[in-house]
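Printed here is run24.pdb (PDB, C-alpha atoms):
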ATOM      1  CA  MET A   1     -45.311  18.477  46.339
ATOM      2  CA  ILE A   2     -47.066  19.808  43.205
ATOM      3  CA  LYS A   3     -50.428  19.557  44.979
ATOM      4  CA  PHE A   4     -48.988  21.505  47.914
ATOM      5  CA  PHE A   5     -47.950  24.448  45.700
ATOM      6  CA  ARG A   6     -51.263  24.323  43.840
ATOM      7  CA  ASN A   7     -53.163  24.670  47.118
ATOM      8  CA  ILE A   8     -51.099  27.712  48.099
ATOM      9  CA  ARG A   9     -51.837  29.428  44.775
ATOM     10  CA  LYS A  10     -55.578  28.625  45.096
ATOM     11  CA  GLN A  11     -55.676  29.970  48.653
ATOM     12  CA  LEU A  12     -54.063  33.267  47.622
ATOM     13  CA  LEU A  13     -56.535  33.723  44.766
ATOM     14  CA  ASP A  14     -59.509  32.844  46.951
ATOM     15  CA  GLU A  15     -58.407  35.439  49.509
ATOM     16  CA  GLY A  16     -57.996  38.042  46.738
ATOM     17  CA  LYS A  17     -54.334  38.532  47.449
ATOM     18  CA  THR A  18     -53.438  39.033  43.780
ATOM     19  CA  GLY A  19     -50.144  40.838  44.443
ATOM     20  CA  LYS A  20     -48.906  38.120  46.731
ATOM     21  CA  TYR A  21     -50.087  35.555  44.191
ATOM     22  CA  PHE A  22     -47.960  37.044  41.424
ATOM     23  CA  LYS A  23     -44.958  37.337  43.728
ATOM     24  CA  TYR A  24     -45.415  33.739  44.749
ATOM     25  CA  ALA A  25     -45.806  32.648  41.102
ATOM     26  CA  ILE A  26     -42.618  34.474  40.144
ATOM     27  CA  GLY A  27     -40.797  32.868  43.071
ATOM     28  CA  GLU A  28     -42.057  29.502  41.986
ATOM     29  CA  ILE A  29     -40.826  30.122  38.426
ATOM     30  CA  VAL A  30     -37.439  31.152  39.777
ATOM     31  CA  LEU A  31     -37.250  27.959  41.809
ATOM     32  CA  VAL A  32     -38.125  25.908  38.722
ATOM     33  CA  VAL A  33     -35.465  27.703  36.655
ATOM     34  CA  ILE A  34     -32.888  27.189  39.396
ATOM     35  CA  GLY A  35     -33.825  23.511  39.528
ATOM     36  CA  ILE A  36     -33.424  23.190  35.762
ATOM     37  CA  LEU A  37     -30.045  24.952  35.840
ATOM     38  CA  ILE A  38     -28.846  22.681  38.653
ATOM     39  CA  ALA A  39     -30.022  19.632  36.704
ATOM     40  CA  LEU A  40     -28.210  20.853  33.567
ATOM     41  CA  GLN A  41     -25.056  21.529  35.570
ATOM     42  CA  ILE A  42     -25.175  18.044  37.074
ATOM     43  CA  ASN A  43     -25.755  16.564  33.612
ATOM     44  CA  ASN A  44     -22.832  18.567  32.159
ATOM     45  CA  TRP A  45     -20.632  17.470  35.037
ATOM     46  CA  ASN A  46     -21.574  13.837  34.444
ATOM     47  CA  GLU A  47     -20.906  14.153  30.712
ATOM     48  CA  HIS A  48     -17.561  15.838  31.389
ATOM     49  CA  ARG A  49     -16.642  13.090  33.829
ATOM     50  CA  LYS A  50     -17.593  10.395  31.308
ATOM     51  CA  THR A  51     -15.574  12.143  28.573
ATOM     52  CA  ASN A  52     -12.529  12.455  30.814
ATOM     53  CA  GLN A  53     -12.829   8.807  31.821
ATOM     54  CA  ALA A  54     -13.036   7.721  28.168
ATOM     55  CA  LEU A  55     -10.107   9.994  27.325
ATOM     56  CA  LYS A  56      -8.020   8.510  30.138
ATOM     57  CA  ILE A  57      -8.672   5.033  28.760
ATOM     58  CA  ALA A  58      -7.782   6.176  25.224
ATOM     59  CA  LEU A  59      -4.546   7.842  26.365
ATOM     60  CA  SER A  60      -3.646   4.724  28.356
ATOM     61  CA  ASN A  61      -4.145   2.711  25.164
ATOM     62  CA  ILE A  62      -1.828   5.110  23.299
ATOM     63  CA  ILE A  63       0.762   4.437  25.996
ATOM     64  CA  ASN A  64       0.320   0.712  25.326
ATOM     65  CA  ASP A  65       0.867   1.394  21.603
ATOM     66  CA  LEU A  66       4.039   3.357  22.370
ATOM     67  CA  GLN A  67       5.319   0.590  24.639
ATOM     68  CA  SER A  68       4.670  -1.868  21.815
ATOM     69  CA  ASP A  69       6.602   0.422  19.453
ATOM     70  CA  HIS A  70       9.491   0.684  21.915
ATOM     71  CA  LYS A  71       9.746  -3.088  22.269
ATOM     72  CA  LYS A  72       9.691  -3.483  18.479
ATOM     73  CA  LEU A  73      12.440  -0.877  18.079
ATOM     74  CA  LYS A  74      14.620  -2.542  20.688
ATOM     75  CA  GLU A  75      14.330  -5.975  19.084
ATOM     76  CA  GLU A  76      14.904  -4.652  15.569
ATOM     77  CA  ASN A  77      18.060  -2.861  16.691
ATOM     78  CA  LYS A  78      19.829  -6.184  17.172
ATOM     79  CA  THR A  79      19.422  -7.523  13.635
ATOM     80  CA  VAL A  80      19.828  -4.139  11.922
ATOM     81  CA  SER A  81      23.101  -3.616  13.793
ATOM     82  CA  PHE A  82      24.353  -6.974  12.519
ATOM     83  CA  ARG A  83      23.312  -6.190   8.935
ATOM     84  CA  PHE A  84      25.076  -2.821   8.969
ATOM     85  CA  HIS A  85      28.415  -4.090  10.231
ATOM     86  CA  SER A  86      28.400  -7.417   8.411
ATOM     87  CA  MET A  87      27.819  -5.693   5.065
ATOM     88  CA  GLN A  88      30.679  -3.298   5.827
ATOM     89  CA  TYR A  89      32.771  -6.414   6.484
ATOM     90  CA  LEU A  90      31.798  -7.847   3.074
ATOM     91  CA  LEU A  91      33.001  -4.689   1.368
ATOM     92  CA  LYS A  92      36.258  -4.522   3.280
ATOM     93  CA  THR A  93      37.122  -8.215   3.019
ATOM     94  CA  SER A  94      36.387  -8.277  -0.701
ATOM     95  CA  GLY A  95      38.969  -5.541  -1.197
ATOM     96  CA  ASN A  96      36.568  -2.623  -1.622
ATOM     97  CA  THR A  97      36.374   0.687   0.178
ATOM     98  CA  ILE A  98      33.810   0.540   2.954
ATOM     99  CA  TYR A  99      30.887   2.938   3.187
ATOM    100  CA  ASP A 100      32.146   6.317   4.411
ATOM    101  CA  ALA A 101      29.626   7.532   6.973
ATOM    102  CA  ASP A 102      31.579  10.745   7.549
ATOM    103  CA  ALA A 103      31.055  11.772   3.936
ATOM    104  CA  ASP A 104      27.294  11.521   4.502
ATOM    105  CA  GLU A 105      27.641  13.337   7.825
ATOM    106  CA  SER A 106      26.185  10.270   9.436
ATOM    107  CA  VAL A 107      27.135   8.302  12.548
ATOM    108  CA  ILE A 108      28.659   4.826  12.533
ATOM    109  CA  PRO A 109      26.765   2.886  15.187
ATOM    110  CA  SER A 110      28.669   0.519  17.437
ATOM    111  CA  PHE A 111      28.245  -3.204  16.853
ATOM    112  CA  ARG A 112      25.714  -4.873  19.125
ATOM    113  CA  LYS A 113      26.466  -8.441  20.141
ATOM    114  CA  ASP A 114      23.267  -8.992  22.150
ATOM    115  CA  ASN A 115      21.593 -11.017  19.424
ATOM    116  CA  GLU A 116      21.425 -14.645  18.375
ATOM    117  CA  THR A 117      22.928 -13.985  14.946
ATOM    118  CA  TRP A 118      26.505 -13.355  16.048
ATOM    119  CA  ASP A 119      27.450 -12.924  19.702
ATOM    120  CA  LYS A 120      31.167 -12.318  19.113
ATOM    121  CA  ASN A 121      33.220  -9.434  17.817
ATOM    122  CA  ILE A 122      33.299  -8.906  14.065
ATOM    123  CA  PRO A 123      36.225 -10.824  12.517
ATOM    124  CA  THR A 124      39.193  -8.805  11.369
ATOM    125  CA  ASP A 125      40.353 -11.456   8.865
ATOM    126  CA  TYR A 126      38.686 -13.716   6.335
ATOM    127  CA  ASP A 127      35.999 -15.799   8.117
ATOM    128  CA  LYS A 128      33.808 -17.896   5.837
ATOM    129  CA  GLU A 129      31.213 -18.588   8.541
ATOM    130  CA  PHE A 130      30.743 -14.888   9.129
ATOM    131  CA  ILE A 131      30.693 -14.182   5.388
ATOM    132  CA  GLN A 132      27.920 -16.742   4.948
ATOM    133  CA  LEU A 133      25.875 -15.126   7.727
ATOM    134  CA  ALA A 134      26.486 -11.698   6.229
ATOM    135  CA  PHE A 135      25.108 -12.839   2.864
ATOM    136  CA  LEU A 136      22.220 -14.643   4.539
ATOM    137  CA  TRP A 137      21.127 -11.571   6.528
ATOM    138  CA  SER A 138      21.850  -8.976   3.851
ATOM    139  CA  HIS A 139      18.297  -9.270   2.505
ATOM    140  CA  ARG A 140      16.465  -9.914   5.775
ATOM    141  CA  THR A 141      14.769  -6.589   6.183
ATOM    142  CA  ALA A 142      11.521  -5.813   7.964
ATOM    143  CA  ASN A 143       8.705  -3.326   7.572
ATOM    144  CA  ILE A 144       8.884  -1.338  10.783
ATOM    145  CA  ARG A 145       5.361  -0.049  11.296
ATOM    146  CA  SER A 146       4.206   1.994  14.272
ATOM    147  CA  ASN A 147       1.083   0.954  16.153
ATOM    148  CA  LYS A 148      -1.557   3.536  15.193
ATOM    149  CA  SER A 149      -4.654   1.538  16.144
ATOM    150  CA  THR A 150      -5.670   3.748  19.079
ATOM    151  CA  LEU A 151      -4.960   6.973  17.185
ATOM    152  CA  GLU A 152      -7.143   5.841  14.296
ATOM    153  CA  GLU A 153      -9.898   4.833  16.734
ATOM    154  CA  LEU A 154      -9.766   8.252  18.417
ATOM    155  CA  LYS A 155     -10.174  10.006  15.079
ATOM    156  CA  SER A 156     -13.018   7.759  13.928
ATOM    157  CA  THR A 157     -14.994   8.222  17.176
ATOM    158  CA  GLY A 158     -14.412  11.979  17.463
ATOM    159  CA  MET A 159     -12.477  11.642  20.738
ATOM    160  CA  TYR A 160      -9.391  13.085  19.067
ATOM    161  CA  SER A 161     -10.886  16.590  19.390
ATOM    162  CA  TYR A 162     -10.755  16.328  23.202
ATOM    163  CA  ILE A 163      -6.976  15.869  23.252
ATOM    164  CA  SER A 164      -4.927  18.945  24.128
ATOM    165  CA  ARG A 165      -3.322  20.914  21.301
ATOM    166  CA  ASP A 166       0.202  20.179  22.546
ATOM    167  CA  LEU A 167      -0.467  16.450  22.670
ATOM    168  CA  LYS A 168      -1.910  16.496  19.150
ATOM    169  CA  LEU A 169       1.253  18.213  17.945
ATOM    170  CA  ASP A 170       3.438  15.646  19.732
ATOM    171  CA  LEU A 171       1.451  12.782  18.200
ATOM    172  CA  SER A 172       1.785  14.266  14.713
ATOM    173  CA  ASN A 173       5.524  14.824  15.120
ATOM    174  CA  TYR A 174       6.051  11.317  16.490
ATOM    175  CA  TYR A 175       4.377   9.507  13.602
ATOM    176  CA  ASN A 176       5.852  11.822  10.946
ATOM    177  CA  LYS A 177       9.343  11.257  12.314
ATOM    178  CA  TRP A 178       8.710   7.496  12.416
ATOM    179  CA  ASP A 179       7.743   7.487   8.727
ATOM    180  CA  ASN A 180      10.824   9.547   7.864
ATOM    181  CA  TYR A 181      13.200   7.086   9.500
ATOM    182  CA  PHE A 182      11.613   3.826   8.375
ATOM    183  CA  LYS A 183      10.967   4.189   4.681
ATOM    184  CA  ASP A 184      10.568   1.207   2.373
ATOM    185  CA  ILE A 185      13.788   2.041   0.512
ATOM    186  CA  VAL A 186      15.694  -0.486   2.657
ATOM    187  CA  ASN A 187      13.388  -3.273   1.486
ATOM    188  CA  LYS A 188      13.605  -2.121  -2.141
ATOM    189  CA  LEU A 189      17.423  -2.140  -2.066
ATOM    190  CA  ALA A 190      17.392  -5.634  -0.538
ATOM    191  CA  GLU A 191      15.220  -6.817  -3.435
ATOM    192  CA  ASP A 192      17.611  -5.234  -5.952
ATOM    193  CA  TRP A 193      20.508  -6.964  -4.177
ATOM    194  CA  GLN A 194      18.823 -10.357  -4.431
ATOM    195  CA  GLU A 195      18.046  -9.800  -8.108
ATOM    196  CA  SER A 196      21.700  -8.915  -8.711
ATOM    197  CA  LEU A 197      22.866 -12.173  -7.113
ATOM    198  CA  GLY A 198      20.209 -13.986  -9.115
ATOM    199  CA  GLU A 199      21.865 -12.851 -12.313
ATOM    200  CA  ASP A 200      24.626 -15.354 -11.482
ATOM    201  CA  GLY A 201      22.090 -17.962 -10.384
ATOM    202  CA  PHE A 202      22.544 -17.508  -6.639
ATOM    203  CA  LEU A 203      20.298 -16.875  -3.683
ATOM    204  CA  ASN A 204      21.703 -15.244  -0.559
ATOM    205  CA  SER A 205      21.636 -18.641   1.103
ATOM    206  CA  ASP A 206      23.547 -20.336  -1.744
ATOM    207  CA  THR A 207      26.883 -18.689  -1.097
ATOM    208  CA  TYR A 208      28.137 -21.577   1.036
ATOM    209  CA  GLN A 209      28.489 -23.554  -2.207
ATOM    210  CA  LEU A 210      31.324 -21.295  -3.338
ATOM    211  CA  ASP A 211      34.911 -21.687  -2.227
ATOM    212  CA  ASP A 212      35.112 -17.908  -2.067
ATOM    213  CA  PRO A 213      31.662 -16.269  -1.681
ATOM    214  CA  LEU A 214      33.321 -12.855  -1.941
ATOM    215  CA  SER A 215      33.904 -13.574  -5.634
ATOM    216  CA  LEU A 216      30.274 -12.447  -6.078
ATOM    217  CA  ILE A 217      31.317  -8.950  -4.980
ATOM    218  CA  LYS A 218      34.882  -8.572  -6.240
ATOM    219  CA  ASP A 219      35.177  -6.622  -9.469
ATOM    220  CA  ASN A 220      31.398  -6.098  -9.577
ATOM    221  CA  PRO A 221      30.721  -2.334  -9.282
ATOM    222  CA  LYS A 222      26.953  -2.809  -9.359
ATOM    223  CA  ARG A 223      26.924  -5.023  -6.271
ATOM    224  CA  VAL A 224      29.488  -2.871  -4.492
ATOM    225  CA  ASN A 225      27.247   0.139  -5.078
ATOM    226  CA  LEU A 226      24.181  -1.762  -3.884
ATOM    227  CA  LEU A 227      26.000  -2.823  -0.728
ATOM    228  CA  LYS A 228      27.057   0.737   0.016
ATOM    229  CA  ARG A 229      23.522   2.016  -0.522
ATOM    230  CA  MET A 230      22.077  -0.719   1.694
ATOM    231  CA  ILE A 231      24.630   0.086   4.392
ATOM    232  CA  ARG A 232      23.841   3.805   4.210
ATOM    233  CA  GLU A 233      20.094   3.286   4.541
ATOM    234  CA  THR A 234      20.593   0.646   7.227
ATOM    235  CA  GLY A 235      22.768   3.076   9.169
ATOM    236  CA  TRP A 236      20.038   5.713   8.926
ATOM    237  CA  ARG A 237      17.562   3.136  10.179
ATOM    238  CA  LEU A 238      19.815   2.406  13.166
ATOM    239  CA  VAL A 239      19.894   6.102  14.019
ATOM    240  CA  GLY A 240      16.104   6.097  13.798
ATOM    241  CA  LEU A 241      15.769   3.056  16.024
ATOM    242  CA  LYS A 242      17.674   4.774  18.809
ATOM    243  CA  ASP A 243      16.070   8.172  18.330
ATOM    244  CA  MET A 244      12.506   6.855  18.190
ATOM    245  CA  GLY A 245      13.195   4.580  21.152
ATOM    246  CA  ASP A 246      14.175   7.600  23.254
ATOM    247  CA  ILE A 247      11.286   9.698  21.942
ATOM    248  CA  SER A 248       8.701   7.008  22.664
ATOM    249  CA  MET A 249       9.769   6.775  26.313
ATOM    250  CA  ASP A 250       9.710  10.562  26.751
ATOM    251  CA  PHE A 251       6.327  10.665  25.049
ATOM    252  CA  ILE A 252       4.932   8.081  27.453
ATOM    253  CA  THR A 253       5.927  10.338  30.359
ATOM    254  CA  SER A 254       4.159  13.317  28.734
ATOM    255  CA  ILE A 255       0.954  11.333  28.215
ATOM    256  CA  GLU A 256       1.007  10.096  31.804
ATOM    257  CA  GLN A 257       1.145  13.733  32.927
ATOM    258  CA  GLU A 258      -1.797  14.501  30.632
ATOM    259  CA  ILE A 259      -3.798  11.657  32.181
ATOM    260  CA  ASN A 260      -3.066  12.897  35.699
ATOM    261  CA  SER A 261      -4.290  16.375  34.771
ATOM    262  CA  LEU A 262      -7.733  15.125  33.704
TER     263      LEU A 262
END
Could you render the structure from this file as structure tokens?
Amino acid sequence: MIKFFRNIRKQLLDEGKTGKYFKYAIGEIVLVVIGILIALQINNWNEHRKTNQALKIALSNIINDLQSDHKKLKEENKTVSFRFHSMQYLLKTSGNTIYDADADESVIPSFRKDNETWDKNIPTDYDKEFIQLAFLWSHRTANIRSNKSTLEELKSTGMYSYISRDLKLDLSNYYNKWDNYFKDIVNKLAEDWQESLGEDGFLNSDTYQLDDPLSLIKDNPKRVNLLKRMIRETGWRLVGLKDMGDISMDFITSIEQEINSL
């Protein structure tokens, strides 16, 4: 093809058709420029397609992270619900005033029985078996961490900049709200509670040795206060478990729409 064009230029020069030669040369340059522009456009299109494909995979992985979060929240709800209500029971049965959620403008969550800890209603009278379980689970807290692996990968690879502004805002709000609900204060209070029991030489699991385990709470303002604080923070965590569970599912729907728009 190059030889073909070269022959045409040579023929025009040999015939002295200088004007036609320059017109032809300009036309040839235009064709070359058009070819380069087409090649650049195709390359840009390919790069855009590759970026969108990588972004779709990344957003799908974020959905997997959110689904993992949702499952974690659902499972945690069972044990946290038991801790909240069983500690209220300890206060009430030991003759103390229970934690007043209304005073904190909080919500008392309903008791969930869909767990292996206690699948019956909470006792209304003295029940040593339930008291033992309440003591046993009073310190069994967990660090509820969100799955940020994909988000961190996006930021480290620079792909985060390709996400829409609205989605970035939603991601920021989601993880900030998560951190607000699931602070480490619950774990710190549980440690203080164990140390308080340790002052009398007991572990949470040792209470079965006592004829009346509630004697560890009666007439002990420090432990009563610790119980109330643990209940308050546990109640807040229950609110967070439900709220973040709903948010994560709504967020998944939003990301799916984002994927479909790419």
So how far away is atom CA of A:Ser248 from atom CA of A:Phe182, in Å?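 Distance reported for this atom pair: 14.9 Å.
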Using the chain letters and numbers from the file, which residues does the PyMOL selection byres ((chain A and resi 146-163) around 10) grab, as a PyMOL selection string? chain A and resi 51-52+54-55+58-70+72-73+143-145+164-168+171+174-175+178-179+182+258
Extract, using all atoms listed in the file, all DNA, RNA and protein residues at most 8 Å from stretch 188-191 of chain A, discarding same-chain residues fewer than 2 positions from it, and format them as a list of chain:residue names.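 The filter keeps A:Ser138, A:His139, A:Arg140, A:Thr141, A:Asp184, A:Ile185, A:Val186, A:Trp193, A:Gln194, A:Glu195, A:Leu226, A:Arg229, A:Met230.
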Apply the PyMOL selection byres ((chain A and resi 85-95) around 6) to the structure shown and report the selected residues as a PyMOL selection string. chain A and resi 82-84+96+98+134+214+218
Show which residues sit within 9 Å of A:Glu76, as an mmCIF file with C-alpha atoms, keeping the file's coordinate frame. Count only C-alpha atoms, and ignore same-chain residues fewer than 2 positions away.
data_model
loop_
_atom_site.group_PDB
_atom_site.id
_atom_site.type_symbol
_atom_site.label_atom_id
_atom_site.label_comp_id
_atom_site.auth_asym_id
_atom_site.auth_seq_id
_atom_site.Cartn_x
_atom_site.Cartn_y
_atom_site.Cartn_z
ATOM 1 C CA LYS A 71 9.746 -3.088 22.269
ATOM 2 C CA LYS A 72 9.691 -3.483 18.479
ATOM 3 C CA LEU A 73 12.440 -0.877 18.079
ATOM 4 C CA LYS A 74 14.620 -2.542 20.688
ATOM 5 C CA LYS A 78 19.829 -6.184 17.172
ATOM 6 C CA THR A 79 19.422 -7.523 13.635
ATOM 7 C CA VAL A 80 19.828 -4.139 11.922
ATOM 8 C CA SER A 81 23.101 -3.616 13.793
ATOM 9 C CA ALA A 142 11.521 -5.813 7.964
ATOM 10 C CA ILE A 144 8.884 -1.338 10.783
ATOM 11 C CA LEU A 238 19.815 2.406 13.166
ATOM 12 C CA LEU A 241 15.769 3.056 16.024
#
For A:Tyr208, the closest of A:Trp236, A:Tyr99, A:Phe135, A:Tyr181 counting all atoms listed in the file is A:Phe135
Would you kindly return, as number ranges by chain, each protein, DNA or RNA residue with an atom no farther than 8 Å from any atom of A:Thr207, considering all atoms listed in the file and excluding same-chain residues fewer than 5 positions away? A: 132, 135, 202, 213
Option closest in space to A:Leu169, from A:Asn187, A:Phe251, A:Arg112, A:His48 [counting all atoms listed in the file]: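 Looking only at the distances to A:Leu169, the closest residue turns out to be A:Phe251.
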Of the listed residues A:Gln209, A:Met244, A:Ile131, A:Leu262, that which approaches A:Asn176 most closely, counting only C-alpha atoms: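 With only C-alpha atoms as the atom set, the closest residue is A:Met244.
The spacing separating atom CA of A:Ser261 from atom CA of A:Arg49 amounts to 12.8 Å.
Distances from A:Lys228, A:Lys56, A:Arg237, A:Lys177 to A:Thr97 were compared using all atoms listed in the file, and the smallest one belongs to A:Lys228.
When atom CA of A:Asp104 is paired with atom CA of A:Lys242, their separation reads 18.5 Å.
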Find the axis-aligned box for stretch 126-132 of chain A, covering all its listed atoms and adding 6 Å on each side, and write its centre and edge lengths in Å to one decimal as lines of an AutoDock Vina configuration file.
center_x = 33.3
center_y = -16.2
center_z = 7.0
size_x = 22.8
size_y = 16.9
size_z = 16.2
Of A:Thr234, A:Ser254, A:Asn204, A:Asn260, the one nearest to A:Ile108 when counting all atoms listed in the file is A:Thr234
Regenerate stretch 108-137 of chain A at the level of N, CA and C atoms and dump it as a PDB file, in the coordinates of the input.
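Here's the written file result.pdb:
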ATOM      1  N   ILE A 108      28.466   6.274  12.600  1.00  0.00           N
ATOM      2  CA  ILE A 108      28.659   4.826  12.533  1.00  0.00           C
ATOM      3  C   ILE A 108      28.257   4.229  13.879  1.00  0.00           C
ATOM      4  N   PRO A 109      27.195   3.464  13.910  1.00  0.00           N
ATOM      5  CA  PRO A 109      26.765   2.886  15.187  1.00  0.00           C
ATOM      6  C   PRO A 109      27.713   1.776  15.626  1.00  0.00           C
ATOM      7  N   SER A 110      27.824   1.596  16.914  1.00  0.00           N
ATOM      8  CA  SER A 110      28.669   0.519  17.437  1.00  0.00           C
ATOM      9  C   SER A 110      27.983  -0.822  17.201  1.00  0.00           C
ATOM     10  N   PHE A 111      28.794  -1.878  17.115  1.00  0.00           N
ATOM     11  CA  PHE A 111      28.245  -3.204  16.853  1.00  0.00           C
ATOM     12  C   PHE A 111      27.626  -3.772  18.117  1.00  0.00           C
ATOM     13  N   ARG A 112      26.402  -4.261  17.991  1.00  0.00           N
ATOM     14  CA  ARG A 112      25.714  -4.873  19.125  1.00  0.00           C
ATOM     15  C   ARG A 112      25.846  -6.385  19.041  1.00  0.00           C
ATOM     16  N   LYS A 113      26.288  -6.984  20.117  1.00  0.00           N
ATOM     17  CA  LYS A 113      26.466  -8.441  20.141  1.00  0.00           C
ATOM     18  C   LYS A 113      25.324  -9.147  20.879  1.00  0.00           C
ATOM     19  N   ASP A 114      24.340  -8.374  21.364  1.00  0.00           N
ATOM     20  CA  ASP A 114      23.267  -8.992  22.150  1.00  0.00           C
ATOM     21  C   ASP A 114      22.170  -9.536  21.234  1.00  0.00           C
ATOM     22  N   ASN A 115      22.577 -10.368  20.286  1.00  0.00           N
ATOM     23  CA  ASN A 115      21.593 -11.017  19.424  1.00  0.00           C
ATOM     24  C   ASN A 115      22.053 -12.436  19.129  1.00  0.00           C
ATOM     25  N   GLU A 116      21.132 -13.228  18.615  1.00  0.00           N
ATOM     26  CA  GLU A 116      21.425 -14.645  18.375  1.00  0.00           C
ATOM     27  C   GLU A 116      22.178 -14.867  17.065  1.00  0.00           C
ATOM     28  N   THR A 117      22.282 -13.829  16.247  1.00  0.00           N
ATOM     29  CA  THR A 117      22.928 -13.985  14.946  1.00  0.00           C
ATOM     30  C   THR A 117      24.435 -14.166  15.090  1.00  0.00           C
ATOM     31  N   TRP A 118      25.047 -13.298  15.863  1.00  0.00           N
ATOM     32  CA  TRP A 118      26.505 -13.355  16.048  1.00  0.00           C
ATOM     33  C   TRP A 118      26.829 -12.687  17.376  1.00  0.00           C
ATOM     34  N   ASP A 119      27.239 -13.460  18.349  1.00  0.00           N
ATOM     35  CA  ASP A 119      27.450 -12.924  19.702  1.00  0.00           C
ATOM     36  C   ASP A 119      28.932 -12.707  20.015  1.00  0.00           C
ATOM     37  N   LYS A 120      29.738 -12.585  18.940  1.00  0.00           N
ATOM     38  CA  LYS A 120      31.167 -12.318  19.113  1.00  0.00           C
ATOM     39  C   LYS A 120      31.522 -11.024  18.388  1.00  0.00           C
ATOM     40  N   ASN A 121      32.770 -10.609  18.547  1.00  0.00           N
ATOM     41  CA  ASN A 121      33.220  -9.434  17.817  1.00  0.00           C
ATOM     42  C   ASN A 121      33.282  -9.744  16.327  1.00  0.00           C
ATOM     43  N   ILE A 122      33.207  -8.720  15.511  1.00  0.00           N
ATOM     44  CA  ILE A 122      33.299  -8.906  14.065  1.00  0.00           C
ATOM     45  C   ILE A 122      34.721  -9.338  13.715  1.00  0.00           C
ATOM     46  N   PRO A 123      34.867 -10.361  12.889  1.00  0.00           N
ATOM     47  CA  PRO A 123      36.225 -10.824  12.517  1.00  0.00           C
ATOM     48  C   PRO A 123      37.034  -9.722  11.836  1.00  0.00           C
ATOM     49  N   THR A 124      38.312  -9.762  12.044  1.00  0.00           N
ATOM     50  CA  THR A 124      39.193  -8.805  11.369  1.00  0.00           C
ATOM     51  C   THR A 124      39.810  -9.417  10.115  1.00  0.00           C
ATOM     52  N   ASP A 125      39.797 -10.757  10.028  1.00  0.00           N
ATOM     53  CA  ASP A 125      40.353 -11.456   8.865  1.00  0.00           C
ATOM     54  C   ASP A 125      39.235 -12.207   8.139  1.00  0.00           C
ATOM     55  N   TYR A 126      39.635 -12.939   7.119  1.00  0.00           N
ATOM     56  CA  TYR A 126      38.686 -13.716   6.335  1.00  0.00           C
ATOM     57  C   TYR A 126      38.060 -14.798   7.214  1.00  0.00           C
ATOM     58  N   ASP A 127      36.732 -14.827   7.287  1.00  0.00           N
ATOM     59  CA  ASP A 127      35.999 -15.799   8.117  1.00  0.00           C
ATOM     60  C   ASP A 127      34.779 -16.243   7.311  1.00  0.00           C
ATOM     61  N   LYS A 128      34.858 -17.445   6.743  1.00  0.00           N
ATOM     62  CA  LYS A 128      33.808 -17.896   5.837  1.00  0.00           C
ATOM     63  C   LYS A 128      32.458 -18.033   6.545  1.00  0.00           C
ATOM     64  N   GLU A 129      32.473 -18.459   7.797  1.00  0.00           N
ATOM     65  CA  GLU A 129      31.213 -18.588   8.541  1.00  0.00           C
ATOM     66  C   GLU A 129      30.515 -17.230   8.659  1.00  0.00           C
ATOM     67  N   PHE A 130      31.323 -16.218   8.983  1.00  0.00           N
ATOM     68  CA  PHE A 130      30.743 -14.888   9.129  1.00  0.00           C
ATOM     69  C   PHE A 130      30.283 -14.344   7.775  1.00  0.00           C
ATOM     70  N   ILE A 131      31.056 -14.624   6.734  1.00  0.00           N
ATOM     71  CA  ILE A 131      30.693 -14.182   5.388  1.00  0.00           C
ATOM     72  C   ILE A 131      29.353 -14.788   4.977  1.00  0.00           C
ATOM     73  N   GLN A 132      29.184 -16.080   5.279  1.00  0.00           N
ATOM     74  CA  GLN A 132      27.920 -16.742   4.948  1.00  0.00           C
ATOM     75  C   GLN A 132      26.753 -16.097   5.669  1.00  0.00           C
ATOM     76  N   LEU A 133      26.931 -15.793   6.963  1.00  0.00           N
ATOM     77  CA  LEU A 133      25.875 -15.126   7.727  1.00  0.00           C
ATOM     78  C   LEU A 133      25.599 -13.737   7.167  1.00  0.00           C
ATOM     79  N   ALA A 134      26.656 -13.046   6.774  1.00  0.00           N
ATOM     80  CA  ALA A 134      26.486 -11.698   6.229  1.00  0.00           C
ATOM     81  C   ALA A 134      25.641 -11.737   4.964  1.00  0.00           C
ATOM     82  N   PHE A 135      25.918 -12.699   4.068  1.00  0.00           N
ATOM     83  CA  PHE A 135      25.108 -12.839   2.864  1.00  0.00           C
ATOM     84  C   PHE A 135      23.672 -13.223   3.224  1.00  0.00           C
ATOM     85  N   LEU A 136      23.537 -14.133   4.173  1.00  0.00           N
ATOM     86  CA  LEU A 136      22.220 -14.643   4.539  1.00  0.00           C
ATOM     87  C   LEU A 136      21.323 -13.528   5.083  1.00  0.00           C
ATOM     88  N   TRP A 137      21.908 -12.623   5.890  1.00  0.00           N
ATOM     89  CA  TRP A 137      21.127 -11.571   6.528  1.00  0.00           C
ATOM     90  C   TRP A 137      21.079 -10.273   5.716  1.00  0.00           C
TER      91      TRP A 137
END
